[in-house]
Amino acid sequence: IMLLEVFLVLGTVIIYFLLSKKKEETLPFKEGWWGKGQKPDAEEDTTIWPFKVETTEEELSDLFRRLDQARFTEPLENSCFHYGTNSVYLRKVVSYWKNQFNWKKQVEVLNKYPQFKTKIQGIDIHFVHVKPPHLPEGQSAKPLLMVHGWPGSFYEFYKIIPLLTDPASHGLSDEHIFEVICPSIPGYGFSEAPHKKDFNSVSAASIFYELMLRLGFNEFYAQGGDWGWLICTNLAQIAPNHMKGLHLNLASVTNMGFIHLLSILLGRYLPGLFGFQDEDVRRMFPFLKKGLYRILLESGYAHIQATKPDTVGCGLNDSPLGLAAYILEKFSTWTDLEFRNLEDGGLERKFNLDDLLTNIMIYWVSGCIVSSMRFYKENLQKGIGTQKHERLTVQVPTGIASFPNEVMHTPQAWAQKKYTNIVSFHFMPRGGHFAALEEPELLAEDILQFVGKVEKEQLWRKK
């Protein structure tokens, strides 16, 4: 009898832990109300309505007045971009902005893809929704949610959208064709900003999950970098049975264990012991220089935005010159750290001024810079590694495109502790943080091969 009792106790403990583990595998959907005032008793209107970007003469004349009155500070001699955006180059940008950049023409470019809005959890959500121009007989388009980050926007995806919706016309395999949904994160671009505190990545993931269901997509793929990485990761944790695959061009690990720390100390000398490849070693070491110092040098903005975003945001929202300086610095350094050594920040080596200024104008005309920066405080104010989603793994089939000029490199050996079902991990030959805008062909090819693997082996059914 005593032995039977022991077995019963052991059995109960084992069942308890198994059930607890199962419960912990998904992240709770975050039902919020982010509109003004009290949540109304009435059911939310789920209408989806068309949206177009519009501009007025008043908007433009106000912009030009501010640019005409801009005050420049002389840079230090030979400082290039080491102190931030160099004002010698910034003068050139402002001259182009006033005399050559055609915002009305760029508005037409923005409106070439269908855009919509719908109200979710009390705020208007803006999104681009592009369907394939033609589908081979018997083939259906695969829904793909693509999420941007800061200081980017939905416009980052404009060069990659045609490669995914019409791959054959761009020399790519048309075995898999997508319809692409690119929402603006709430508080970014033309999505309404939350009116209440605590709107974080899980809140955004919950809203985008509702959006996909509202559009009629019960199964879909998701892709992201920057904040898009975290939002799509959270979405995979909330709705693993609805997400067929997760593709990332940034995969950061926030929960560092003893093995991670040991691999930082010894990985350069014993890479095989920690699952590092030669390319991991090249990108990560010496770790003080390529890891710690790099984080300290490049993360000052994040500390400001995670603590007092409204203070600096007020200045940027009032000055197009300040806004451009703040955003352009990121498009320089995050594209290639070596661009700090150039007086023009290398900005026109990978981008053109029309694209850079269009992204800046989306922030300017929508007045969203402050609300976009608040997203850092909402996500980081409780500390790194303290939130439930950081402790949970991702079981959804995952593909990672690792670009060499990303500010911080995450080896597959680290990533797979979080993403337990990595089916594709590729060291990309070139490119940095803004992959969809900088290297759309490379990113599209990686997404297509990843989806090909998932579909061929029906991996989502084996989650």
# chains A, B, ... in the order shown; residues from 1 in each chain; ligands from 1
$ residues_around --residues "segment 66-70 of chain A" --least-positions-apart "4" --cutoff "10 Å" --atoms "only C-alpha atoms" --output "PDB file with N, CA and C atoms, in the first residue's frame"
ATOM      1  N   LEU A  60       3.088  71.346 -46.516  1.00  0.00           N
ATOM      2  CA  LEU A  60       4.374  71.559 -47.195  1.00  0.00           C
ATOM      3  C   LEU A  60       4.952  72.934 -46.882  1.00  0.00           C
ATOM      4  N   SER A  61       4.107  73.963 -46.873  1.00  0.00           N
ATOM      5  CA  SER A  61       4.633  75.305 -46.600  1.00  0.00           C
ATOM      6  C   SER A  61       5.156  75.408 -45.172  1.00  0.00           C
ATOM      7  N   ASP A  62       4.480  74.730 -44.235  1.00  0.00           N
ATOM      8  CA  ASP A  62       4.967  74.704 -42.848  1.00  0.00           C
ATOM      9  C   ASP A  62       6.319  74.007 -42.769  1.00  0.00           C
ATOM     10  N   ARG A  91      23.273  69.454 -44.294  1.00  0.00           N
ATOM     11  CA  ARG A  91      22.947  70.623 -45.144  1.00  0.00           C
ATOM     12  C   ARG A  91      22.578  70.172 -46.553  1.00  0.00           C
ATOM     13  N   VAL A  94      19.061  68.698 -46.467  1.00  0.00           N
ATOM     14  CA  VAL A  94      18.035  69.737 -46.371  1.00  0.00           C
ATOM     15  C   VAL A  94      17.878  70.464 -47.703  1.00  0.00           C
ATOM     16  N   SER A  95      18.984  70.730 -48.382  1.00  0.00           N
ATOM     17  CA  SER A  95      18.924  71.366 -49.702  1.00  0.00           C
ATOM     18  C   SER A  95      18.138  70.500 -50.682  1.00  0.00           C
ATOM     19  N   TRP A  97      15.937  68.186 -49.864  1.00  0.00           N
ATOM     20  CA  TRP A  97      14.574  68.126 -49.337  1.00  0.00           C
ATOM     21  C   TRP A  97      13.754  69.319 -49.842  1.00  0.00           C
ATOM     22  N   LYS A  98      14.370  70.518 -49.805  1.00  0.00           N
ATOM     23  CA  LYS A  98      13.646  71.743 -50.180  1.00  0.00           C
ATOM     24  C   LYS A  98      13.526  71.914 -51.693  1.00  0.00           C
ATOM     25  N   ASP A 318       9.025  68.799 -33.331  1.00  0.00           N
ATOM     26  CA  ASP A 318       8.911  70.221 -33.670  1.00  0.00           C
ATOM     27  C   ASP A 318       9.892  70.656 -34.751  1.00  0.00           C
ATOM     28  N   SER A 319      10.926  69.838 -34.991  1.00  0.00           N
ATOM     29  CA  SER A 319      11.988  70.239 -35.916  1.00  0.00           C
ATOM     30  C   SER A 319      12.244  69.158 -36.957  1.00  0.00           C
ATOM     31  N   PRO A 320      11.923  69.415 -38.233  1.00  0.00           N
ATOM     32  CA  PRO A 320      12.220  68.419 -39.266  1.00  0.00           C
ATOM     33  C   PRO A 320      13.722  68.164 -39.399  1.00  0.00           C
ATOM     34  N   LEU A 321      14.533  69.194 -39.131  1.00  0.00           N
ATOM     35  CA  LEU A 321      15.988  69.024 -39.179  1.00  0.00           C
ATOM     36  C   LEU A 321      16.442  68.041 -38.097  1.00  0.00           C
ATOM     37  N   GLY A 322      15.938  68.237 -36.871  1.00  0.00           N
ATOM     38  CA  GLY A 322      16.291  67.337 -35.776  1.00  0.00           C
ATOM     39  C   GLY A 322      15.809  65.923 -36.040  1.00  0.00           C
TER      40      GLY A 322
END
$ residues_around --residues "Cys80 of chain A" --least-positions-apart "2" --cutoff "8 Å" --atoms "only C-alpha atoms" --output "PDB file with N, CA, C and O atoms, in the first residue's frame"
ATOM      1  N   ASN A  78      37.020  66.534 -39.101  1.00  0.00           N
ATOM      2  CA  ASN A  78      37.315  65.103 -39.318  1.00  0.00           C
ATOM      3  C   ASN A  78      36.520  64.168 -38.391  1.00  0.00           C
ATOM      4  O   ASN A  78      36.983  63.078 -38.069  1.00  0.00           O
ATOM      5  N   HIS A  82      31.083  59.912 -36.346  1.00  0.00           N
ATOM      6  CA  HIS A  82      31.397  59.356 -35.031  1.00  0.00           C
ATOM      7  C   HIS A  82      30.666  60.073 -33.899  1.00  0.00           C
ATOM      8  O   HIS A  82      30.503  59.517 -32.817  1.00  0.00           O
ATOM      9  N   TYR A  83      30.239  61.298 -34.143  1.00  0.00           N
ATOM     10  CA  TYR A  83      29.505  62.053 -33.125  1.00  0.00           C
ATOM     11  C   TYR A  83      28.001  62.079 -33.431  1.00  0.00           C
ATOM     12  O   TYR A  83      27.247  62.774 -32.774  1.00  0.00           O
ATOM     13  N   ASN A  86      26.497  64.058 -39.332  1.00  0.00           N
ATOM     14  CA  ASN A  86      27.402  65.175 -39.630  1.00  0.00           C
ATOM     15  C   ASN A  86      26.612  66.293 -40.310  1.00  0.00           C
ATOM     16  O   ASN A  86      25.958  66.075 -41.332  1.00  0.00           O
ATOM     17  N   ARG A 340      30.501  54.991 -40.150  1.00  0.00           N
ATOM     18  CA  ARG A 340      30.823  56.079 -39.208  1.00  0.00           C
ATOM     19  C   ARG A 340      32.075  56.831 -39.633  1.00  0.00           C
ATOM     20  O   ARG A 340      32.300  57.967 -39.226  1.00  0.00           O
ATOM     21  N   ASN A 341      32.900  56.164 -40.453  1.00  0.00           N
ATOM     22  CA  ASN A 341      34.176  56.766 -40.870  1.00  0.00           C
ATOM     23  C   ASN A 341      34.030  57.649 -42.105  1.00  0.00           C
ATOM     24  O   ASN A 341      35.031  58.163 -42.625  1.00  0.00           O
ATOM     25  N   LEU A 342      32.808  57.847 -42.580  1.00  0.00           N
ATOM     26  CA  LEU A 342      32.576  58.645 -43.785  1.00  0.00           C
ATOM     27  C   LEU A 342      31.819  59.917 -43.429  1.00  0.00           C
ATOM     28  O   LEU A 342      30.926  59.909 -42.583  1.00  0.00           O
ATOM     29  N   GLU A 343      32.163  61.014 -44.089  1.00  0.00           N
ATOM     30  CA  GLU A 343      31.521  62.293 -43.777  1.00  0.00           C
ATOM     31  C   GLU A 343      30.037  62.295 -44.126  1.00  0.00           C
ATOM     32  O   GLU A 343      29.233  62.977 -43.495  1.00  0.00           O
ATOM     33  N   ASP A 344      29.671  61.493 -45.155  1.00  0.00           N
ATOM     34  CA  ASP A 344      28.245  61.422 -45.530  1.00  0.00           C
ATOM     35  C   ASP A 344      27.539  60.219 -44.894  1.00  0.00           C
ATOM     36  O   ASP A 344      26.390  59.913 -45.219  1.00  0.00           O
ATOM     37  N   GLY A 345      28.243  59.527 -43.987  1.00  0.00           N
ATOM     38  CA  GLY A 345      27.651  58.379 -43.302  1.00  0.00           C
ATOM     39  C   GLY A 345      27.320  57.216 -44.219  1.00  0.00           C
ATOM     40  O   GLY A 345      26.623  56.280 -43.813  1.00  0.00           O
TER      41      GLY A 345
END
$ closest_residue --among "A:Phe351, A:Met373, A:Asp446, A:Gln458" --to "Leu172 of chain A" --atoms "only C-alpha atoms"
A:Asp446
$ residues_around --residues "Ser173 of chain A" --least-positions-apart "4" --cutoff "9 Å" --atoms "only C-alpha atoms" --output "NGL selection string"
:A and (167-168 or 177 or 445 or 448)
$ select_by_dssp --residues "segment 269-376 of chain A" --states "alpha helix (DSSP H)" --output "PyMOL selection string"
chain A and resi 278-284+287+293-298+300-307+309-318+320-333+347-350+353-366+369-376
$ write_last_selection --atoms "C-alpha atoms" --output "PDB file, in the first residue's frame"
ATOM      1  CA  ASP A 278      33.591  29.913 -38.221  1.00  0.00           C
ATOM      2  CA  GLU A 279      31.348  32.786 -39.348  1.00  0.00           C
ATOM      3  CA  ASP A 280      29.942  33.127 -35.814  1.00  0.00           C
ATOM      4  CA  VAL A 281      33.477  33.486 -34.460  1.00  0.00           C
ATOM      5  CA  ARG A 282      34.347  36.063 -37.122  1.00  0.00           C
ATOM      6  CA  ARG A 283      31.277  38.165 -36.364  1.00  0.00           C
ATOM      7  CA  MET A 284      31.383  37.910 -32.552  1.00  0.00           C
ATOM      8  CA  PHE A 287      33.687  40.088 -27.877  1.00  0.00           C
ATOM      9  CA  TYR A 293      31.705  48.137 -26.602  1.00  0.00           C
ATOM     10  CA  ARG A 294      29.443  48.092 -29.645  1.00  0.00           C
ATOM     11  CA  ILE A 295      26.334  47.862 -27.449  1.00  0.00           C
ATOM     12  CA  LEU A 296      27.564  50.750 -25.279  1.00  0.00           C
ATOM     13  CA  LEU A 297      28.401  52.886 -28.313  1.00  0.00           C
ATOM     14  CA  GLU A 298      25.171  52.267 -30.179  1.00  0.00           C
ATOM     15  CA  GLY A 300      22.348  55.459 -26.010  1.00  0.00           C
ATOM     16  CA  TYR A 301      19.164  56.240 -27.962  1.00  0.00           C
ATOM     17  CA  ALA A 302      17.489  53.123 -26.499  1.00  0.00           C
ATOM     18  CA  HIS A 303      18.253  54.201 -22.928  1.00  0.00           C
ATOM     19  CA  ILE A 304      16.730  57.645 -23.564  1.00  0.00           C
ATOM     20  CA  GLN A 305      13.664  56.162 -25.262  1.00  0.00           C
ATOM     21  CA  ALA A 306      13.231  53.513 -22.576  1.00  0.00           C
ATOM     22  CA  THR A 307      13.250  56.136 -19.820  1.00  0.00           C
ATOM     23  CA  PRO A 309      10.969  59.378 -24.604  1.00  0.00           C
ATOM     24  CA  ASP A 310       8.665  62.409 -24.495  1.00  0.00           C
ATOM     25  CA  THR A 311      11.445  64.845 -23.560  1.00  0.00           C
ATOM     26  CA  VAL A 312      13.635  64.395 -26.615  1.00  0.00           C
ATOM     27  CA  GLY A 313      10.588  63.458 -28.712  1.00  0.00           C
ATOM     28  CA  CYS A 314       9.066  66.923 -28.268  1.00  0.00           C
ATOM     29  CA  GLY A 315      12.111  68.478 -29.943  1.00  0.00           C
ATOM     30  CA  LEU A 316      12.106  65.993 -32.821  1.00  0.00           C
ATOM     31  CA  ASN A 317       8.376  66.461 -33.400  1.00  0.00           C
ATOM     32  CA  ASP A 318       8.911  70.221 -33.670  1.00  0.00           C
ATOM     33  CA  PRO A 320      12.220  68.419 -39.266  1.00  0.00           C
ATOM     34  CA  LEU A 321      15.988  69.024 -39.179  1.00  0.00           C
ATOM     35  CA  GLY A 322      16.291  67.337 -35.776  1.00  0.00           C
ATOM     36  CA  LEU A 323      14.024  64.487 -36.875  1.00  0.00           C
ATOM     37  CA  ALA A 324      16.117  63.866 -39.995  1.00  0.00           C
ATOM     38  CA  ALA A 325      19.402  63.963 -38.050  1.00  0.00           C
ATOM     39  CA  TYR A 326      18.078  61.511 -35.461  1.00  0.00           C
ATOM     40  CA  ILE A 327      16.694  59.011 -37.974  1.00  0.00           C
ATOM     41  CA  LEU A 328      19.440  59.238 -40.623  1.00  0.00           C
ATOM     42  CA  GLU A 329      22.122  58.361 -38.070  1.00  0.00           C
ATOM     43  CA  LYS A 330      20.437  54.973 -37.573  1.00  0.00           C
ATOM     44  CA  PHE A 331      20.171  54.318 -41.299  1.00  0.00           C
ATOM     45  CA  SER A 332      23.914  54.971 -41.512  1.00  0.00           C
ATOM     46  CA  THR A 333      25.310  53.032 -38.551  1.00  0.00           C
ATOM     47  CA  LEU A 347      23.840  56.840 -46.594  1.00  0.00           C
ATOM     48  CA  GLU A 348      23.651  56.960 -50.382  1.00  0.00           C
ATOM     49  CA  ARG A 349      25.728  53.831 -50.870  1.00  0.00           C
ATOM     50  CA  LYS A 350      22.768  51.576 -50.050  1.00  0.00           C
ATOM     51  CA  LEU A 353      17.550  60.260 -50.634  1.00  0.00           C
ATOM     52  CA  ASP A 354      13.997  59.861 -51.940  1.00  0.00           C
ATOM     53  CA  ASP A 355      13.551  56.638 -49.958  1.00  0.00           C
ATOM     54  CA  LEU A 356      15.215  58.029 -46.832  1.00  0.00           C
ATOM     55  CA  LEU A 357      13.180  61.236 -46.910  1.00  0.00           C
ATOM     56  CA  THR A 358       9.938  59.362 -47.611  1.00  0.00           C
ATOM     57  CA  ASN A 359      10.461  57.384 -44.411  1.00  0.00           C
ATOM     58  CA  ILE A 360      11.242  60.593 -42.505  1.00  0.00           C
ATOM     59  CA  MET A 361       8.179  62.304 -43.986  1.00  0.00           C
ATOM     60  CA  ILE A 362       5.936  59.471 -42.767  1.00  0.00           C
ATOM     61  CA  TYR A 363       7.130  60.320 -39.236  1.00  0.00           C
ATOM     62  CA  TRP A 364       6.802  64.073 -39.871  1.00  0.00           C
ATOM     63  CA  VAL A 365       3.331  64.301 -41.405  1.00  0.00           C
ATOM     64  CA  SER A 366       1.816  61.785 -38.964  1.00  0.00           C
ATOM     65  CA  ILE A 369       7.933  60.240 -33.486  1.00  0.00           C
ATOM     66  CA  VAL A 370       7.054  60.590 -29.772  1.00  0.00           C
ATOM     67  CA  SER A 371       4.597  57.671 -29.726  1.00  0.00           C
ATOM     68  CA  SER A 372       7.038  55.515 -31.716  1.00  0.00           C
ATOM     69  CA  MET A 373       9.772  56.164 -29.152  1.00  0.00           C
ATOM     70  CA  ARG A 374       7.448  55.359 -26.230  1.00  0.00           C
ATOM     71  CA  PHE A 375       7.354  51.760 -27.459  1.00  0.00           C
ATOM     72  CA  TYR A 376      10.873  51.365 -25.979  1.00  0.00           C
TER      73      TYR A 376
END
$ closest_residue --among "A:Leu265, A:Gln121, A:Ser252, A:Lys382" --to "Gly35 of chain A" --atoms "only C-alpha atoms"
A:Gln121
$ residues_around --residues "segment 103-120 of chain A" --least-positions-apart "6" --cutoff "10 Å" --atoms "only C-alpha atoms" --output "NGL selection string"
:A and (32-35 or 44-57 or 60 or 97 or 126-131 or 154-155 or 158 or 161 or 181-183 or 190-192 or 206-208 or 210-211 or 214 or 354-355 or 357-358 or 361-362)
$ atom_distance --atom1 "atom CA of Gly216 of chain A" --atom2 "atom CA of Leu246 of chain A"
18.9 Å
$ decode --residues "segment 364-386 of chain A" --atoms "N, CA, C and O atoms" --output "compact mmCIF listing (two decimals), in the first residue's frame"
# COMPACT_ATOMS: atom_id res chain seq x y z
N TRP A 364 7.09 62.64 -40.01
CA TRP A 364 6.80 64.07 -39.87
C TRP A 364 5.31 64.37 -40.04
O TRP A 364 4.71 65.02 -39.19
N VAL A 365 4.73 63.92 -41.13
CA VAL A 365 3.33 64.30 -41.41
C VAL A 365 2.35 63.63 -40.43
O VAL A 365 1.29 64.18 -40.15
N SER A 366 2.71 62.46 -39.92
CA SER A 366 1.82 61.78 -38.96
C SER A 366 2.07 62.25 -37.53
O SER A 366 1.27 61.97 -36.64
N GLY A 367 3.18 62.94 -37.33
CA GLY A 367 3.53 63.41 -35.98
C GLY A 367 3.71 62.28 -34.99
O GLY A 367 3.37 62.41 -33.81
N CYS A 368 4.30 61.17 -35.47
CA CYS A 368 4.31 59.95 -34.63
C CYS A 368 5.63 59.68 -33.92
O CYS A 368 5.76 58.65 -33.27
N ILE A 369 6.62 60.58 -34.02
CA ILE A 369 7.93 60.24 -33.49
C ILE A 369 7.87 59.98 -31.97
O ILE A 369 8.48 59.03 -31.47
N VAL A 370 7.11 60.79 -31.23
CA VAL A 370 7.05 60.59 -29.77
C VAL A 370 6.42 59.24 -29.43
O VAL A 370 6.96 58.46 -28.64
N SER A 371 5.28 58.94 -30.04
CA SER A 371 4.60 57.67 -29.73
C SER A 371 5.42 56.47 -30.18
O SER A 371 5.39 55.42 -29.54
N SER A 372 6.19 56.63 -31.26
CA SER A 372 7.04 55.52 -31.72
C SER A 372 8.15 55.25 -30.71
O SER A 372 8.52 54.10 -30.45
N MET A 373 8.69 56.31 -30.12
CA MET A 373 9.77 56.16 -29.15
C MET A 373 9.27 55.60 -27.82
O MET A 373 10.00 54.91 -27.11
N ARG A 374 8.01 55.87 -27.49
CA ARG A 374 7.45 55.36 -26.23
C ARG A 374 7.43 53.83 -26.20
O ARG A 374 7.43 53.23 -25.13
N PHE A 375 7.41 53.22 -27.38
CA PHE A 375 7.35 51.76 -27.46
C PHE A 375 8.55 51.14 -26.73
O PHE A 375 8.46 50.03 -26.20
N TYR A 376 9.69 51.85 -26.70
CA TYR A 376 10.87 51.36 -25.98
C TYR A 376 10.61 51.34 -24.47
O TYR A 376 10.96 50.39 -23.79
N LYS A 377 10.00 52.39 -23.97
CA LYS A 377 9.71 52.44 -22.52
C LYS A 377 8.72 51.34 -22.14
O LYS A 377 8.91 50.65 -21.13
N GLU A 378 7.69 51.17 -22.95
CA GLU A 378 6.67 50.18 -22.63
C GLU A 378 7.26 48.76 -22.64
O GLU A 378 6.82 47.90 -21.87
N ASN A 379 8.24 48.51 -23.49
CA ASN A 379 8.82 47.17 -23.58
C ASN A 379 9.97 46.93 -22.61
O ASN A 379 10.23 45.79 -22.24
N LEU A 380 10.66 47.98 -22.20
CA LEU A 380 11.90 47.80 -21.44
C LEU A 380 11.83 48.29 -20.00
O LEU A 380 12.75 48.04 -19.22
N GLN A 381 10.76 49.00 -19.63
CA GLN A 381 10.75 49.63 -18.30
C GLN A 381 10.75 48.63 -17.15
O GLN A 381 11.16 48.95 -16.04
N LYS A 382 10.29 47.39 -17.40
CA LYS A 382 10.26 46.40 -16.32
C LYS A 382 11.57 45.62 -16.22
O LYS A 382 11.73 44.76 -15.36
N GLY A 383 12.51 45.92 -17.14
CA GLY A 383 13.80 45.25 -17.12
C GLY A 383 13.86 44.11 -18.12
O GLY A 383 12.84 43.48 -18.43
N ILE A 384 15.05 43.84 -18.63
CA ILE A 384 15.24 42.77 -19.60
C ILE A 384 15.20 41.42 -18.89
O ILE A 384 15.81 41.24 -17.84
N GLY A 385 14.47 40.48 -19.47
CA GLY A 385 14.41 39.12 -18.92
C GLY A 385 13.34 38.91 -17.86
O GLY A 385 13.27 37.85 -17.25
N THR A 386 12.50 39.93 -17.65
CA THR A 386 11.51 39.83 -16.56
C THR A 386 10.12 39.45 -17.03
O THR A 386 9.25 39.12 -16.22
